[in-house]
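For reference, structure-v4.cif (mmCIF, C-alpha atoms):
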data_target
#
loop_
_atom_site.group_PDB
_atom_site.id
_atom_site.type_symbol
_atom_site.label_atom_id
_atom_site.label_comp_id
_atom_site.auth_asym_id
_atom_site.auth_seq_id
_atom_site.Cartn_x
_atom_site.Cartn_y
_atom_site.Cartn_z
ATOM 1 C CA MET Z 1 -84.891 5.127 -30.269
ATOM 2 C CA SER Z 2 -81.780 6.722 -31.700
ATOM 3 C CA SER Z 3 -80.278 5.934 -35.075
ATOM 4 C CA ARG Z 4 -76.889 6.373 -36.688
ATOM 5 C CA LEU Z 5 -75.526 8.207 -39.686
ATOM 6 C CA SER Z 6 -74.001 5.397 -41.702
ATOM 7 C CA PRO Z 7 -72.540 5.261 -45.215
ATOM 8 C CA GLY Z 8 -74.892 4.258 -48.014
ATOM 9 C CA ARG Z 9 -74.778 5.462 -51.622
ATOM 10 C CA VAL Z 10 -74.665 8.846 -53.337
ATOM 11 C CA GLY Z 11 -73.718 9.855 -56.855
ATOM 12 C CA CYS Z 12 -73.213 13.196 -58.621
ATOM 13 C CA ASP Z 13 -75.716 15.595 -57.029
ATOM 14 C CA GLU Z 14 -78.028 12.848 -55.786
ATOM 15 C CA TRP Z 15 -78.894 12.644 -52.103
ATOM 16 C CA TRP Z 16 -81.420 9.889 -51.609
ATOM 17 C CA PRO Z 17 -83.533 10.050 -48.450
ATOM 18 C CA SER Z 18 -83.914 6.757 -46.638
ATOM 19 C CA ARG Z 19 -85.656 5.471 -43.541
ATOM 20 C CA GLY Z 20 -84.204 7.590 -40.795
ATOM 21 C CA PRO Z 21 -81.418 10.137 -41.257
ATOM 22 C CA THR Z 22 -79.030 7.998 -43.345
ATOM 23 C CA TRP Z 23 -76.327 9.257 -45.670
ATOM 24 C CA ARG Z 24 -75.992 7.206 -48.826
ATOM 25 C CA ARG Z 25 -72.990 6.865 -51.125
ATOM 26 C CA ASN Z 26 -71.606 5.186 -54.277
ATOM 27 C CA ALA Z 27 -74.736 5.234 -56.432
ATOM 28 C CA PRO Z 28 -74.134 5.259 -60.196
ATOM 29 C CA PHE Z 29 -73.365 8.794 -61.341
ATOM 30 C CA SER Z 30 -76.489 9.907 -63.136
ATOM 31 C CA CYS Z 31 -77.777 13.465 -63.348
ATOM 32 C CA ALA Z 32 -80.539 12.850 -65.856
ATOM 33 C CA GLY Z 33 -84.062 13.768 -64.785
ATOM 34 C CA GLY Z 34 -85.334 15.165 -61.528
ATOM 35 C CA ALA Z 35 -82.300 17.398 -61.088
ATOM 36 C CA ALA Z 36 -84.264 20.166 -59.400
ATOM 37 C CA MET Z 37 -85.853 17.748 -56.940
ATOM 38 C CA ARG Z 38 -82.508 16.116 -56.135
ATOM 39 C CA GLU Z 39 -80.970 19.544 -55.606
ATOM 40 C CA ARG Z 40 -83.712 20.468 -53.122
ATOM 41 C CA VAL Z 41 -83.224 17.182 -51.278
ATOM 42 C CA ARG Z 42 -79.461 17.645 -51.251
ATOM 43 C CA ARG Z 43 -79.702 21.181 -49.892
ATOM 44 C CA GLY Z 44 -82.130 20.106 -47.185
ATOM 45 C CA LEU Z 45 -79.943 17.246 -46.037
ATOM 46 C CA ALA Z 46 -76.795 19.362 -46.246
ATOM 47 C CA ALA Z 47 -78.474 21.921 -43.965
ATOM 48 C CA ALA Z 48 -79.456 19.171 -41.509
ATOM 49 C CA ILE Z 49 -75.930 17.774 -41.562
ATOM 50 C CA GLY Z 50 -74.510 21.245 -40.966
ATOM 51 C CA GLY Z 51 -76.781 21.631 -37.951
ATOM 52 C CA ALA Z 52 -75.655 18.263 -36.626
ATOM 53 C CA ARG Z 53 -72.034 19.245 -37.164
ATOM 54 C CA ARG Z 54 -72.468 22.524 -35.312
ATOM 55 C CA ALA Z 55 -74.236 20.764 -32.452
ATOM 56 C CA MET Z 56 -71.418 18.237 -32.255
ATOM 57 C CA GLY Z 57 -68.726 20.897 -32.231
ATOM 58 C CA SER Z 58 -70.530 23.114 -29.731
ATOM 59 C CA GLU Z 59 -70.963 20.541 -26.968
ATOM 60 C CA ALA Z 60 -68.823 21.544 -23.994
ATOM 61 C CA GLY Z 61 -65.464 19.767 -24.020
ATOM 62 C CA ARG Z 62 -66.283 17.638 -27.050
ATOM 63 C CA LYS Z 63 -64.297 17.873 -30.240
ATOM 64 C CA ALA Z 64 -65.680 17.133 -33.675
ATOM 65 C CA ARG Z 65 -64.268 14.084 -35.414
ATOM 66 C CA LEU Z 66 -62.134 14.621 -38.518
ATOM 67 C CA ARG Z 67 -60.982 11.851 -40.847
ATOM 68 C CA GLY Z 68 -59.941 13.706 -43.989
ATOM 69 C CA VAL Z 69 -58.904 17.086 -45.387
ATOM 70 C CA VAL Z 70 -59.511 18.116 -48.996
ATOM 71 C CA PHE Z 71 -57.402 20.898 -50.479
ATOM 72 C CA ASP Z 72 -57.752 23.265 -53.373
ATOM 73 C CA MET Z 73 -54.535 23.402 -55.427
ATOM 74 C CA ASP Z 74 -53.883 26.798 -57.081
ATOM 75 C CA GLY Z 75 -53.493 29.480 -54.416
ATOM 76 C CA THR Z 76 -53.784 26.956 -51.573
ATOM 77 C CA LEU Z 77 -51.235 24.177 -51.979
ATOM 78 C CA THR Z 78 -49.290 26.275 -54.480
ATOM 79 C CA VAL Z 79 -48.327 29.944 -54.467
ATOM 80 C CA PRO Z 80 -50.628 31.960 -56.785
ATOM 81 C CA VAL Z 81 -48.689 32.444 -60.016
ATOM 82 C CA ILE Z 82 -51.464 32.628 -62.618
ATOM 83 C CA ASP Z 83 -52.620 36.143 -63.441
ATOM 84 C CA PHE Z 84 -56.331 35.361 -63.438
ATOM 85 C CA GLY Z 85 -57.268 38.972 -64.132
ATOM 86 C CA ALA Z 86 -55.223 38.959 -67.335
ATOM 87 C CA MET Z 87 -56.650 35.568 -68.286
ATOM 88 C CA TYR Z 88 -60.227 36.721 -67.775
ATOM 89 C CA ARG Z 89 -59.643 39.928 -69.729
ATOM 90 C CA GLU Z 90 -58.269 37.977 -72.674
ATOM 91 C CA VAL Z 91 -61.148 35.511 -72.632
ATOM 92 C CA LEU Z 92 -63.951 37.997 -71.973
ATOM 93 C CA GLY Z 93 -62.743 41.332 -73.290
ATOM 94 C CA GLU Z 94 -62.340 44.363 -71.041
ATOM 95 C CA ASP Z 95 -66.014 45.456 -71.042
ATOM 96 C CA GLU Z 96 -67.464 42.034 -70.218
ATOM 97 C CA TYR Z 97 -64.741 41.444 -67.634
ATOM 98 C CA SER Z 98 -65.598 44.705 -65.839
ATOM 99 C CA ALA Z 99 -69.326 44.002 -66.007
ATOM 100 C CA MET Z 100 -68.978 40.499 -64.545
ATOM 101 C CA ARG Z 101 -66.758 41.698 -61.715
ATOM 102 C CA ALA Z 102 -69.249 44.439 -60.863
ATOM 103 C CA ARG Z 103 -72.043 41.880 -60.476
ATOM 104 C CA ASP Z 104 -70.352 40.142 -57.527
ATOM 105 C CA PRO Z 105 -69.429 41.907 -54.250
ATOM 106 C CA HIS Z 106 -66.084 40.094 -54.188
ATOM 107 C CA GLY Z 107 -65.443 40.398 -57.926
ATOM 108 C CA TYR Z 108 -65.844 36.644 -58.448
ATOM 109 C CA ILE Z 109 -65.959 35.370 -62.034
ATOM 110 C CA ASP Z 110 -66.812 31.732 -62.817
ATOM 111 C CA ILE Z 111 -64.904 31.637 -66.076
ATOM 112 C CA LEU Z 112 -65.344 27.909 -66.711
ATOM 113 C CA HIS Z 113 -69.121 28.049 -66.518
ATOM 114 C CA HIS Z 114 -69.146 31.180 -68.688
ATOM 115 C CA VAL Z 115 -67.030 29.481 -71.345
ATOM 116 C CA GLU Z 116 -69.498 26.583 -71.493
ATOM 117 C CA THR Z 117 -72.182 29.033 -72.660
ATOM 118 C CA LEU Z 118 -70.152 30.278 -75.637
ATOM 119 C CA PRO Z 119 -70.665 29.070 -79.213
ATOM 120 C CA PRO Z 120 -68.184 26.323 -80.247
ATOM 121 C CA PRO Z 121 -65.579 28.514 -82.025
ATOM 122 C CA ALA Z 122 -65.434 31.034 -79.165
ATOM 123 C CA ARG Z 123 -65.436 28.229 -76.610
ATOM 124 C CA LYS Z 124 -62.478 26.549 -78.317
ATOM 125 C CA ARG Z 125 -60.542 29.800 -78.383
ATOM 126 C CA ALA Z 126 -61.331 30.473 -74.708
ATOM 127 C CA HIS Z 127 -60.091 27.035 -73.677
ATOM 128 C CA GLU Z 128 -56.878 27.638 -75.606
ATOM 129 C CA ILE Z 129 -56.300 30.922 -73.758
ATOM 130 C CA ILE Z 130 -56.957 29.291 -70.386
ATOM 131 C CA ALA Z 131 -54.670 26.357 -71.198
ATOM 132 C CA ASP Z 132 -51.888 28.752 -72.230
ATOM 133 C CA PHE Z 133 -52.070 30.637 -68.923
ATOM 134 C CA GLU Z 134 -52.089 27.346 -67.025
ATOM 135 C CA ARG Z 135 -48.998 26.132 -68.892
ATOM 136 C CA GLN Z 136 -47.204 29.342 -67.975
ATOM 137 C CA GLY Z 137 -48.233 28.806 -64.373
ATOM 138 C CA LEU Z 138 -46.703 25.322 -64.341
ATOM 139 C CA GLU Z 139 -43.339 26.779 -65.295
ATOM 140 C CA ARG Z 140 -43.373 28.927 -62.138
ATOM 141 C CA LEU Z 141 -45.014 26.423 -59.808
ATOM 142 C CA GLN Z 142 -44.070 26.867 -56.139
ATOM 143 C CA ILE Z 143 -45.279 25.048 -53.053
ATOM 144 C CA MET Z 144 -47.261 27.186 -50.612
ATOM 145 C CA PRO Z 145 -45.414 27.903 -47.331
ATOM 146 C CA GLY Z 146 -46.759 25.577 -44.668
ATOM 147 C CA ALA Z 147 -48.214 23.054 -47.120
ATOM 148 C CA ALA Z 148 -45.532 20.399 -46.677
ATOM 149 C CA GLU Z 149 -45.588 20.762 -42.899
ATOM 150 C CA LEU Z 150 -49.391 20.536 -42.764
ATOM 151 C CA CYS Z 151 -49.439 17.455 -44.983
ATOM 152 C CA GLY Z 152 -46.743 15.838 -42.856
ATOM 153 C CA TYR Z 153 -48.817 16.514 -39.760
ATOM 154 C CA LEU Z 154 -51.923 14.977 -41.346
ATOM 155 C CA ASP Z 155 -49.933 11.921 -42.386
ATOM 156 C CA SER Z 156 -48.594 11.514 -38.834
ATOM 157 C CA LYS Z 157 -52.201 11.469 -37.593
ATOM 158 C CA GLN Z 158 -53.356 9.125 -40.403
ATOM 159 C CA VAL Z 159 -55.781 11.756 -41.672
ATOM 160 C CA ARG Z 160 -56.496 11.386 -45.384
ATOM 161 C CA ARG Z 161 -55.594 14.071 -47.913
ATOM 162 C CA GLY Z 162 -57.576 14.787 -51.078
ATOM 163 C CA LEU Z 163 -57.478 17.490 -53.741
ATOM 164 C CA ILE Z 164 -60.074 19.276 -55.868
ATOM 165 C CA THR Z 165 -59.039 21.802 -58.490
ATOM 166 C CA ARG Z 166 -60.569 23.531 -61.482
ATOM 167 C CA ASN Z 167 -57.192 23.137 -63.190
ATOM 168 C CA VAL Z 168 -56.494 20.255 -65.610
ATOM 169 C CA LYS Z 169 -55.262 16.757 -64.751
ATOM 170 C CA HIS Z 170 -51.849 17.408 -66.318
ATOM 171 C CA SER Z 171 -51.262 20.219 -63.819
ATOM 172 C CA VAL Z 172 -52.229 17.947 -60.927
ATOM 173 C CA ASP Z 173 -49.861 15.245 -62.173
ATOM 174 C CA MET Z 174 -47.050 17.794 -62.461
ATOM 175 C CA PHE Z 175 -47.739 19.012 -58.923
ATOM 176 C CA HIS Z 176 -47.516 15.458 -57.564
ATOM 177 C CA VAL Z 177 -44.250 14.766 -59.382
ATOM 178 C CA ARG Z 178 -42.554 18.071 -58.651
ATOM 179 C CA PHE Z 179 -43.258 18.204 -54.934
ATOM 180 C CA GLY Z 180 -43.514 14.498 -54.113
ATOM 181 C CA MET Z 181 -46.871 15.000 -52.412
ATOM 182 C CA GLU Z 182 -49.620 12.552 -53.270
ATOM 183 C CA PHE Z 183 -53.305 13.377 -52.792
ATOM 184 C CA SER Z 184 -55.975 10.763 -53.321
ATOM 185 C CA PRO Z 185 -58.463 11.219 -54.781
ATOM 186 C CA ALA Z 186 -57.157 14.187 -56.766
ATOM 187 C CA LEU Z 187 -59.960 15.572 -58.923
ATOM 188 C CA SER Z 188 -59.295 18.032 -61.735
ATOM 189 C CA ARG Z 189 -61.812 19.854 -63.920
ATOM 190 C CA GLU Z 190 -62.219 16.752 -66.054
ATOM 191 C CA PHE Z 191 -64.465 15.580 -63.206
ATOM 192 C CA ARG Z 192 -67.906 17.090 -63.824
ATOM 193 C CA PRO Z 193 -69.582 18.987 -62.362
ATOM 194 C CA TYR Z 194 -66.637 20.904 -60.932
ATOM 195 C CA LYS Z 195 -66.435 23.293 -57.988
ATOM 196 C CA PRO Z 196 -68.327 25.119 -56.584
ATOM 197 C CA HIS Z 197 -70.771 22.256 -57.131
ATOM 198 C CA PRO Z 198 -70.442 19.869 -54.165
ATOM 199 C CA ALA Z 199 -70.314 16.722 -56.339
ATOM 200 C CA PRO Z 200 -66.507 16.336 -56.372
ATOM 201 C CA LEU Z 201 -66.304 16.752 -52.608
ATOM 202 C CA LEU Z 202 -69.136 14.287 -52.058
ATOM 203 C CA HIS Z 203 -67.352 11.879 -54.401
ATOM 204 C CA ILE Z 204 -64.223 12.040 -52.248
ATOM 205 C CA CYS Z 205 -66.265 11.462 -49.087
ATOM 206 C CA SER Z 206 -67.748 8.441 -50.819
ATOM 207 C CA GLN Z 207 -64.339 7.085 -51.808
ATOM 208 C CA TRP Z 208 -63.076 7.531 -48.248
ATOM 209 C CA ASP Z 209 -66.211 5.976 -46.772
ATOM 210 C CA ALA Z 210 -66.409 9.123 -44.666
ATOM 211 C CA HIS Z 211 -69.401 11.233 -43.733
ATOM 212 C CA PRO Z 212 -69.180 14.870 -44.913
ATOM 213 C CA THR Z 213 -69.178 15.979 -41.269
ATOM 214 C CA GLU Z 214 -65.865 14.126 -40.868
ATOM 215 C CA VAL Z 215 -64.143 16.092 -43.629
ATOM 216 C CA MET Z 216 -62.760 19.616 -44.026
ATOM 217 C CA MET Z 217 -62.403 21.597 -47.266
ATOM 218 C CA ILE Z 218 -59.510 24.098 -47.346
ATOM 219 C CA GLY Z 219 -59.139 26.655 -50.121
ATOM 220 C CA ASP Z 220 -58.516 30.276 -51.008
ATOM 221 C CA SER Z 221 -61.738 30.893 -52.938
ATOM 222 C CA LEU Z 222 -64.866 31.893 -51.084
ATOM 223 C CA ARG Z 223 -67.153 30.846 -53.934
ATOM 224 C CA ASP Z 224 -65.358 27.777 -55.258
ATOM 225 C CA ASP Z 225 -63.935 26.217 -52.099
ATOM 226 C CA VAL Z 226 -66.055 27.418 -49.194
ATOM 227 C CA GLY Z 227 -69.150 27.236 -51.407
ATOM 228 C CA CYS Z 228 -68.297 23.660 -52.369
ATOM 229 C CA GLY Z 229 -67.754 22.657 -48.758
ATOM 230 C CA LYS Z 230 -70.926 24.335 -47.555
ATOM 231 C CA GLY Z 231 -72.944 22.626 -50.268
ATOM 232 C CA ALA Z 232 -71.549 19.227 -49.311
ATOM 233 C CA GLY Z 233 -71.957 19.731 -45.551
ATOM 234 C CA THR Z 234 -68.265 19.569 -44.615
ATOM 235 C CA PHE Z 235 -66.234 21.842 -42.391
ATOM 236 C CA THR Z 236 -64.660 24.706 -44.311
ATOM 237 C CA CYS Z 237 -61.460 26.695 -43.874
ATOM 238 C CA LEU Z 238 -60.738 29.783 -45.974
ATOM 239 C CA LEU Z 239 -57.104 30.649 -46.691
ATOM 240 C CA ASP Z 240 -57.079 34.436 -47.012
ATOM 241 C CA GLU Z 241 -53.450 35.534 -47.158
ATOM 242 C CA SER Z 242 -54.152 39.145 -48.061
ATOM 243 C CA GLY Z 243 -57.291 39.672 -45.976
ATOM 244 C CA LYS Z 244 -59.320 40.546 -49.073
ATOM 245 C CA TYR Z 245 -62.464 38.890 -47.734
ATOM 246 C CA GLY Z 246 -62.552 40.916 -44.530
ATOM 247 C CA VAL Z 247 -64.285 39.673 -41.379
ATOM 248 C CA HIS Z 248 -65.966 36.413 -42.306
ATOM 249 C CA GLU Z 249 -68.834 36.953 -39.834
ATOM 250 C CA HIS Z 250 -70.109 39.568 -42.292
ATOM 251 C CA LEU Z 251 -70.470 36.988 -45.066
ATOM 252 C CA GLY Z 252 -73.717 35.261 -45.936
ATOM 253 C CA VAL Z 253 -74.401 31.933 -44.210
ATOM 254 C CA ASP Z 254 -73.905 29.961 -47.450
ATOM 255 C CA LEU Z 255 -70.375 31.358 -47.825
ATOM 256 C CA ARG Z 256 -69.304 31.833 -44.231
ATOM 257 C CA PRO Z 257 -66.320 29.563 -43.492
ATOM 258 C CA ASP Z 258 -66.062 27.709 -40.224
ATOM 259 C CA PHE Z 259 -62.451 28.838 -39.973
ATOM 260 C CA LYS Z 260 -60.306 31.485 -41.624
ATOM 261 C CA VAL Z 261 -56.502 31.580 -41.732
ATOM 262 C CA SER Z 262 -53.895 33.809 -43.309
ATOM 263 C CA SER Z 263 -51.355 30.976 -43.622
ATOM 264 C CA LEU Z 264 -51.419 27.184 -43.804
ATOM 265 C CA HIS Z 265 -49.135 27.238 -40.768
ATOM 266 C CA GLU Z 266 -52.221 28.173 -38.714
ATOM 267 C CA VAL Z 267 -54.242 25.106 -39.670
ATOM 268 C CA VAL Z 268 -52.482 22.642 -37.339
ATOM 269 C CA SER Z 269 -53.510 24.735 -34.330
ATOM 270 C CA ILE Z 270 -57.129 24.714 -35.527
ATOM 271 C CA LEU Z 271 -57.083 20.945 -35.945
ATOM 272 C CA GLU Z 272 -55.584 20.344 -32.516
ATOM 273 C CA THR Z 273 -57.968 22.765 -30.811
ATOM 274 C CA HIS Z 274 -61.247 21.796 -32.431
ATOM 275 C CA PHE Z 275 -60.977 18.230 -33.723
ATOM 276 C CA GLN Z 276 -60.492 14.664 -32.706
ATOM 277 C CA LEU Z 277 -58.465 13.092 -35.499
ATOM 278 C CA SER Z 278 -59.975 9.667 -35.929
ATOM 279 C CA ALA Z 279 -60.261 6.742 -38.331
ATOM 280 C CA THR Z 280 -63.681 5.604 -37.068
ATOM 281 C CA ASN Z 281 -66.236 5.197 -39.851
ATOM 282 C CA GLU Z 282 -69.575 6.151 -38.347
ATOM 283 C CA ILE Z 283 -70.999 9.083 -36.367
ATOM 284 C CA PRO Z 284 -73.624 8.114 -33.784
ATOM 285 C CA LEU Z 285 -76.464 10.597 -34.093
ATOM 286 C CA GLU Z 286 -77.060 10.515 -30.375
ATOM 287 C CA LYS Z 287 -73.638 12.156 -29.969
ATOM 288 C CA VAL Z 288 -74.610 15.116 -32.096
ATOM 289 C CA GLY Z 289 -78.050 15.712 -30.683
ATOM 290 C CA ILE Z 290 -80.142 13.997 -33.396
ATOM 291 C CA ALA Z 291 -82.483 11.109 -32.762
ATOM 292 C CA SER Z 292 -85.270 9.422 -34.700
ATOM 293 C CA SER Z 293 -88.226 7.693 -33.230
#

Please render this file's structure as structure tokens.
Amino acid sequence: MSSRLSPGRVGCDEWWPSRGPTWRRNAPFSCAGGAAMRERVRRGLAAAIGGARRAMGSEAGRKARLRGVVFDMDGTLTVPVIDFGAMYREVLGEDEYSAMRARDPHGYIDILHHVETLPPPARKRAHEIIADFERQGLERLQIMPGAAELCGYLDSKQVRRGLITRNVKHSVDMFHVRFGMEFSPALSREFRPYKPHPAPLLHICSQWDAHPTEVMMIGDSLRDDVGCGKGAGTFTCLLDESGKYGVHEHLGVDLRPDFKVSSLHEVVSILETHFQLSATNEIPLEKVGIASS
């Protein structure tokens, strides 16, 4: 007897197993106690969902269903204008900056998590430096080529648009006002935990009443955006304008995007080729090769 993946309740990093393969949503956000166990459960279910998604997409002639697209903001919806290298050097100092870059093959630095480990005076100073760079970035804010066209296409297909950024809410509000583009939900770093943790993406899926396999995460950061999407079990699309990440087949499974583009103009073709844009709420498991007895 086959079952269905239907919306239930999930909150923060909690994935609660139920009778049969059921996804649950909207539980009260509580991360206290049992965090390690919940993380193991979440990872296991995310892996199962990813397998279901791949099975669905690989069936001959059958397109995966897509109901929503979640975007990163800085470097994805907007042209990169913040000099992150200069910001990190000012926060960390040259020696620590070089050491942290050397520890990651792509030179990734999670500055927000690092700042949280600092003593209060240093943490306050670091946040002031980051805020100053972000304010300067707002003054030079530019929409990414292809963003308006892609959003117009999604609107014409009634596909929802959301946003997750590690920037502050004020920057998100300014983006909405300046470019007249509304994303809902639009989660800034005031939402905890922030990317690359999957919680904000799972929260948006919950608000949309959409299964993670019906959602795509698009961003320019392998760790923050692709990592977030992989952790949540959504489709992922890496925007790599400069080709700095190389051939994505060489990346580890946890950070290997489903799609990679050099421009947002390329995303419409991906959506039309690989997806059925739909407003249906539930995914029958029998259609993706999963059944429970």

Can you turn the PyMOL selection byres ((chain Z and resi 205) around 10) into a concrete residue list for this file, as a ChimeraX atom specification? /Z:7,10,25-26,67-70,162,185,199-204,206-215,232,234

Write a file of the selected residues as a PDB file, keeping the file's coordinate frame, keeping C-alpha atoms.
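Now in result00.pdb:
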ATOM      1  CA  PRO Z   7     -72.540   5.261 -45.215  1.00  0.00           C
ATOM      2  CA  VAL Z  10     -74.665   8.846 -53.337  1.00  0.00           C
ATOM      3  CA  ARG Z  25     -72.990   6.865 -51.125  1.00  0.00           C
ATOM      4  CA  ASN Z  26     -71.606   5.186 -54.277  1.00  0.00           C
ATOM      5  CA  ARG Z  67     -60.982  11.851 -40.847  1.00  0.00           C
ATOM      6  CA  GLY Z  68     -59.941  13.706 -43.989  1.00  0.00           C
ATOM      7  CA  VAL Z  69     -58.904  17.086 -45.387  1.00  0.00           C
ATOM      8  CA  VAL Z  70     -59.511  18.116 -48.996  1.00  0.00           C
ATOM      9  CA  GLY Z 162     -57.576  14.787 -51.078  1.00  0.00           C
ATOM     10  CA  PRO Z 185     -58.463  11.219 -54.781  1.00  0.00           C
ATOM     11  CA  ALA Z 199     -70.314  16.722 -56.339  1.00  0.00           C
ATOM     12  CA  PRO Z 200     -66.507  16.336 -56.372  1.00  0.00           C
ATOM     13  CA  LEU Z 201     -66.304  16.752 -52.608  1.00  0.00           C
ATOM     14  CA  LEU Z 202     -69.136  14.287 -52.058  1.00  0.00           C
ATOM     15  CA  HIS Z 203     -67.352  11.879 -54.401  1.00  0.00           C
ATOM     16  CA  ILE Z 204     -64.223  12.040 -52.248  1.00  0.00           C
ATOM     17  CA  SER Z 206     -67.748   8.441 -50.819  1.00  0.00           C
ATOM     18  CA  GLN Z 207     -64.339   7.085 -51.808  1.00  0.00           C
ATOM     19  CA  TRP Z 208     -63.076   7.531 -48.248  1.00  0.00           C
ATOM     20  CA  ASP Z 209     -66.211   5.976 -46.772  1.00  0.00           C
ATOM     21  CA  ALA Z 210     -66.409   9.123 -44.666  1.00  0.00           C
ATOM     22  CA  HIS Z 211     -69.401  11.233 -43.733  1.00  0.00           C
ATOM     23  CA  PRO Z 212     -69.180  14.870 -44.913  1.00  0.00           C
ATOM     24  CA  THR Z 213     -69.178  15.979 -41.269  1.00  0.00           C
ATOM     25  CA  GLU Z 214     -65.865  14.126 -40.868  1.00  0.00           C
ATOM     26  CA  VAL Z 215     -64.143  16.092 -43.629  1.00  0.00           C
ATOM     27  CA  ALA Z 232     -71.549  19.227 -49.311  1.00  0.00           C
ATOM     28  CA  THR Z 234     -68.265  19.569 -44.615  1.00  0.00           C
TER      29      THR Z 234
END

Can you turn the PyMOL selection byres ((chain Z and resi 98) around 12) into a concrete residue list for this file, as a ChimeraX atom specification? /Z:85-86,88-89,92-97,99-104,107-109

With C-alpha atoms retained, could you export that selection as a compact mmCIF listing (two decimals), in the frame of the given file?
# COMPACT_ATOMS: atom_id res chain seq x y z
CA GLY Z 85 -57.27 38.97 -64.13
CA ALA Z 86 -55.22 38.96 -67.33
CA TYR Z 88 -60.23 36.72 -67.78
CA ARG Z 89 -59.64 39.93 -69.73
CA LEU Z 92 -63.95 38.00 -71.97
CA GLY Z 93 -62.74 41.33 -73.29
CA GLU Z 94 -62.34 44.36 -71.04
CA ASP Z 95 -66.01 45.46 -71.04
CA GLU Z 96 -67.46 42.03 -70.22
CA TYR Z 97 -64.74 41.44 -67.63
CA ALA Z 99 -69.33 44.00 -66.01
CA MET Z 100 -68.98 40.50 -64.54
CA ARG Z 101 -66.76 41.70 -61.72
CA ALA Z 102 -69.25 44.44 -60.86
CA ARG Z 103 -72.04 41.88 -60.48
CA ASP Z 104 -70.35 40.14 -57.53
CA GLY Z 107 -65.44 40.40 -57.93
CA TYR Z 108 -65.84 36.64 -58.45
CA ILE Z 109 -65.96 35.37 -62.03

Taking all atoms listed in the file into account, which of Z:Met217, Z:Ile130, Z:Leu77, Z:Leu271 comes nearest Gly229 in chain Z?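 With all atoms listed in the file as the atom set, the closest residue is Z:Met217.
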
Apply the PyMOL selection byres ((chain Z and resi 81) around 6) to the structure shown and report the selected residues as a list in words.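 Taken on the displayed file, the PyMOL selection byres ((chain Z and resi 81) around 6) yields the residues Pro80, Ile82 and Gly137 of chain Z.
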
With all atoms listed in the file as the atoms that count, which of Z:Glu139, Z:Ser263, Z:Thr76, Z:Leu66 lies nearest to Gln158 in chain Z?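 Of Z:Glu139, Z:Ser263, Z:Thr76, Z:Leu66, the one nearest Gln158 in chain Z, counting all atoms listed in the file, is Z:Leu66.
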
How many Å lie between CA of Ile270 in chain Z and CA of Asn167 in chain Z, rounded to one decimal?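 Taking CA of Ile270 in chain Z as the start and CA of Asn167 in chain Z as the end point, the length is 27.7 Å.
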
Could you pull the residues within 8 Å of Pro145 in chain Z, counting all atoms listed in the file, minus those fewer than 4 positions along the same chain, as a list of chain:residue names? Z:Val79, Z:Ser263, Z:Leu264, Z:His265

Nearest-residue call for Leu163 in chain Z, choices Z:Met181, Z:Gly246, Z:Phe71, Z:Cys228, using only C-alpha atoms: Z:Phe71

Quick one: residues within 8 Å of Asp224 in chain Z, all atoms listed in the file, excluding same-chain residues fewer than 4 positions away - as a list in words? Lys195, Pro196, His197 and Cys228 of chain Z

Could you tell me how far CA of Arg65 in chain Z lies from CA of Ile143 in chain Z, in Å and to one decimal?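 CA of Ile143 in chain Z lies at a distance of 28.1 Å from CA of Arg65 in chain Z.
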
Compute the distance from (-67.2, 25.7, -71.7) to each atom, counting all atoms listed in the file, keep the residues with any atom at most 12 Å away, and return them as a list in words; use the coordinates of the file. Val91, Asp110, Ile111, Leu112, His113, His114, Val115, Glu116, Thr117, Leu118, Pro119, Pro120, Pro121, Ala122, Arg123, Lys124, Arg125, Ala126, His127, Glu128, Ile130, Arg189, Glu190, Arg192, Pro193 and Tyr194 of chain Z

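The closest residue to Gly75 in chain Z, picked from Z:Arg178, Z:Arg256, Z:Lys230, Z:Arg166 and counting all atoms listed in the file, is Z:Arg166.
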
For the atom pair CA of Met87 in chain Z and CA of Phe133 in chain Z, what is the interatomic distance in Å to one decimal place? 6.8 Å

Taking all atoms listed in the file into account, name the residue in Z:Glu272, Z:Glu134, Z:Glu90, Z:Asp72 that is nearest to Ile164 in chain Z.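 Checking each candidate against Ile164 in chain Z, we get Z:Asp72 as the closest.
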
Exercise: residues within 6 Å of coordinate (-60.6, 32.2, -43.3), counting all atoms listed in the file, as a PDB file with C-alpha atoms, in the coordinates of the input:
ATOM      1  CA  CYS Z 237     -61.460  26.695 -43.874  1.00  0.00           C
ATOM      2  CA  LEU Z 238     -60.738  29.783 -45.974  1.00  0.00           C
ATOM      3  CA  LEU Z 239     -57.104  30.649 -46.691  1.00  0.00           C
ATOM      4  CA  ASP Z 240     -57.079  34.436 -47.012  1.00  0.00           C
ATOM      5  CA  PHE Z 259     -62.451  28.838 -39.973  1.00  0.00           C
ATOM      6  CA  LYS Z 260     -60.306  31.485 -41.624  1.00  0.00           C
ATOM      7  CA  VAL Z 261     -56.502  31.580 -41.732  1.00  0.00           C
TER       8      VAL Z 261
END

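Among the candidates Z:Thr78, Z:Ser242, Z:Ser278, Z:Ser262, the residue lying nearest to Phe175 in chain Z is Z:Thr78 (atoms considered: only C-alpha atoms).
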